[in-house]
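Worksheet: the structure to be examined is printed underneath.
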Amino acid sequence: MPGKRIAVIGAGIAGLTAARRLRQQGHIVKILEAGRVPGGRVGERMVRGIRFNAGARLVYAFSKPFNALLDEIGLTPALVPVRRLSAECVGPGDRWTVELMPGLKSLLTPGLSLAERLRFVSFGLAALASSTDPDDAASALDADAVTLSDYTRDRLGANVLERMIAPVFRGTRCWNPEEVSAAFFASTAPHLVGKDTVHVFKGGMGRLPQALAEGLTIECDTRVTGVEPPGDGPCRIHAERDGQPLVHEADLVVCATEGSLASSLFADLDPETRAFFSGVRYNSLGIVHYRLNRQVEPAMQFFTRAAAGPIATWQQGPGNAATGEAAQLYAQLSPEAVQEAIDRDMTDRLDELVRDGVRTLYPNLDRDCADRHNQWIARMLPVFYPGYAKSVAAFRERQSAMARRVYFCGDYLAQALITGAAASGERAARDIISHWGAS
Ligand SMILES: Cc1cc2nc3c(=O)[nH]c(=O)nc-3n(C[C@H](O)[C@H](O)[C@H](O)COP(=O)(O)OP(=O)(O)OC[C@H]3O[C@@H](n4cnc5c(N)ncnc54)[C@H](O)[C@@H]3O)c2cc1C
């Protein structure tokens, strides 16, 4: 059978993974990507000598399929372990160390009662028998109807929630525990207990999309504006590049954009699919990066909500004399400050929101700051709010049930992680191959 012409919209990790699998099966795959480079929310950016990540900074080791994919694309030797990640947590009048990877050291977190420490131990023991899939929030459906705050308060205790869970979720994911379901936590945490290592890539996170993109046909700077209903003929994909309209034809389409952008590209979605997409939500994130003209000591701090400032995460990154890279400061906004930036239309002036807080943390800011960059990420992570993982499971079941011309993938259909995006790309490719075969 001749290979199908397949257009993949979006060259994030989900789109690249799907495209790679479909090409391996003999299909003729072309990726259309709106950005300048492939990778979406994974990769490095450089603005006036300020280096930062488009999104993800760490690779979790818990996904066996993703680790196999890294082996396949030759990236396993590029993994650099980061062990025993911890941060200083700052509350009003109180400071303590919080472990980012739950383990025995977490038991030393000050401010927990004896009963809470014992509950933490039994949670760790139960984790050994967990059957959840860390690449799939819908593998923890029993935790989907309840908020993360209720789930952890009931199972682990109020102090565990306030002193361990909330600062880490606010500081790394910009999620408040009462706004998300427990499905992300319940599907991933059991696979983190006792594992003290996460990874980065030697040479930067951009190595991942680069390696996945190897051998694929990708048209960057090409924004898809709509896909015409296929009818009996080929799908017609309308796009624009440099302000010029383009039309591509394909037998099948894989839509691998962020979920909140997907449905607007298709005028003819069935009501169930449209209803699903109307429930896809993302949070936003703002970060201010400062380039310094002198060296700093490394530091990482999370500020609790009770500390009541605009900054949730503060980092000092020393420069590198060998590469000539300057030292940088990193001020990540709290969920409340992100909302304020949106409400006051200040998403391009985040530095004004955090300036006083940064001066308190780094009093010589005005003397040492050579330049600054406001990074605004309008769609940071899909929000797995209570009930969302259940609707994801139903959507995926419908997508797998019968052949169609348009397939969807992305982290919003699996897990809000790189590994989840890759798993979703694998799943979409599996569906297509099972419905339409290989060449
Ligand atoms: C700040 C931040 C920190 C994170 N930290 C981590 C972490 O430490 N570890 C981890 O595992 N995960 C982390 N994540 C999550 C991880 O980055 C994402 O889950 C994952 O990269 C999502 O991949 P994706 O392919 O689903 O989507 P995306 O990467 O968003 O890809 C979608 C692509 O579609 C393109 N596109 C959109 N519309 C169009 C259009 N109309 N036409 C053409 N192309 C279009 C976009 O340009 C984009 O390239 C983080 C994310 C962020 C933002």
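Within each chain, counting starts at residue 1; across the structure tokens, chains are named A, B, ... in the order shown, with ligands numbered 1 upward in that order.
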Distance query region 112-120 of chain A at most 10 Å, only C-alpha atoms, self and fewer than 3 positions along chain excluded, as JSON, numbers by chain: {"A": [102, 103, 104, 106, 107, 108, 109, 123, 124, 125, 126, 153, 155, 156, 157, 158, 159, 160, 161, 162, 163, 164]}
Enumerate the residues of region 309-419 of chain A with a DSSP assignment of strand (DSSP E), computed from the backbone, and present them as JSON, numbers by chain. {"A": [311, 312, 313, 314, 315, 316, 317, 328, 329, 330, 331, 332, 333, 369, 370, 371, 372, 373, 374, 375, 376, 377, 406, 407, 408]}
Residues within 6 Å of ligand 1, counting only C-alpha atoms and all ligand atoms, as an MDAnalysis selection string: chainID A and resid 9:15 32:35 39:42 55:59 222:225 256:258 380:381 410:411 416:419 421
Applying 6 Å and only C-alpha atoms, which residues near Ser284 (chain A) remain after dropping the ones on its own chain fewer than 2 positions away? List them as a CSV table (one decimal) with C-alpha atoms, in the first residue's frame.
```csv
chain,number,residue,atom,x,y,z
A,377,ILE,CA,4.3,32.1,28.1
A,378,ALA,CA,0.6,32.5,27.3
A,379,ARG,CA,0.0,28.7,27.3
A,380,MET,CA,2.3,27.2,29.9
```
Please identify all polymer residues within 9 Å of Val247 (chain A), counting only C-alpha atoms, omitting same-chain residues fewer than 6 positions from it, and present them as a VMD selection string. chain A and resid 236 to 240
How far is it from CA of Val198 (chain A) to CA of Tyr388 (chain A), in Å with one decimal? 27.3 Å
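Counting only C-alpha atoms and comparing A:Cys235, A:Val392, A:Ile311, A:Ala182, the residue that lies closest to Leu353 (chain A) is A:Ile311.
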Would you give me, as a ChimeraX atom specification, the residues in region 155-362 of chain A that DSSP reads as helix (DSSP H, G or I)? /A:155,158-173,183-191,207-213,259-265,271-278,305-307,335-343,350-361
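Of the listed residues A:Thr132, A:Thr217, A:Ser391, A:Thr97, the one whose atoms come nearest to Phe184 (chain A) is A:Thr132, with distances taken using only C-alpha atoms.
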Counting only C-alpha atoms, what is within 10 Å of Gly279 (chain A), bar same-chain residues fewer than 2 positions away, as a short mmCIF file (atom, residue, chain, number, x, y, z; two decimals) with C-alpha atoms, in the first residue's frame?
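Produced file selection-v9.cif, reproduced below:
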```
data_model
loop_
_atom_site.label_atom_id
_atom_site.label_comp_id
_atom_site.auth_asym_id
_atom_site.auth_seq_id
_atom_site.Cartn_x
_atom_site.Cartn_y
_atom_site.Cartn_z
CA GLY A 259 -5.08 22.07 22.79
CA SER A 260 -6.63 25.50 23.27
CA ARG A 274 -16.07 20.71 20.11
CA ALA A 275 -17.44 20.29 23.65
CA PHE A 276 -14.21 18.57 24.70
CA PHE A 277 -12.05 21.36 23.28
CA ARG A 281 -7.50 25.23 29.55
CA VAL A 383 -4.65 22.59 33.51
CA TYR A 385 -8.73 20.65 36.76
CA TYR A 388 -10.64 16.96 33.08
CA SER A 391 -12.93 13.83 29.63
CA VAL A 392 -9.44 13.19 28.18
#
```
What are the closest atom pairs, with distances in Å to one decimal, for all residues of region 49-138 of chain A lying within 8 Å of region 301-307 of chain A? Consider only C-alpha atoms, order rows by chain and residue number, and present the result as a Markdown table.
```
| residue | atom | partner | partner_atom | distance |
| --- | --- | --- | --- | --- |
| A:Ala87 | CA | A:Gln301 | CA | 5.3 |
| A:Glu88 | CA | A:Gln301 | CA | 4.7 |
| A:Cys89 | CA | A:Phe302 | CA | 4.8 |
| A:Val90 | CA | A:Phe303 | CA | 4.8 |
| A:Gly91 | CA | A:Ala307 | CA | 4.9 |
| A:Pro92 | CA | A:Ala307 | CA | 4.9 |
```
Return the single residue from A:Ala267, A:Ala211, A:Val254, A:Val80 that is closest to Leu22 (chain A), with distances computed using only C-alpha atoms. A:Val254
Set the distance at 12 Å and use only C-alpha atoms: which residues neighbour Arg355 (chain A) once local chain neighbours fewer than 3 positions away are removed? I'd like the list as a ChimeraX atom specification. /A:287-290,309-311,330-333,349-352,358-363,365-366,369,372,374
Using only C-alpha atoms, the best pick from A:Pro298, A:Lys64, A:Ala312, A:Gln25 as closest to Gln328 (chain A) would be A:Pro298
Quick one: everything within 9 Å of Ile432 (chain A), counting only C-alpha atoms, minus sequence neighbours fewer than 3 positions away in the same chain. Send it as a ChimeraX atom specification. /A:22,252,400,403-404,407,427-429,435-438
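Compared by their closest atoms to Ala18 (chain A), and using only C-alpha atoms, the residues A:Ala393, A:Ala262, A:Leu285, A:Cys255 rank with A:Cys255 nearest.
Minimum atom-to-atom distances from A:Thr172, A:Ser149, A:Thr197, A:Thr188 to Leu79 (chain A) were compared using only C-alpha atoms, and the lowest value belongs to A:Thr197.
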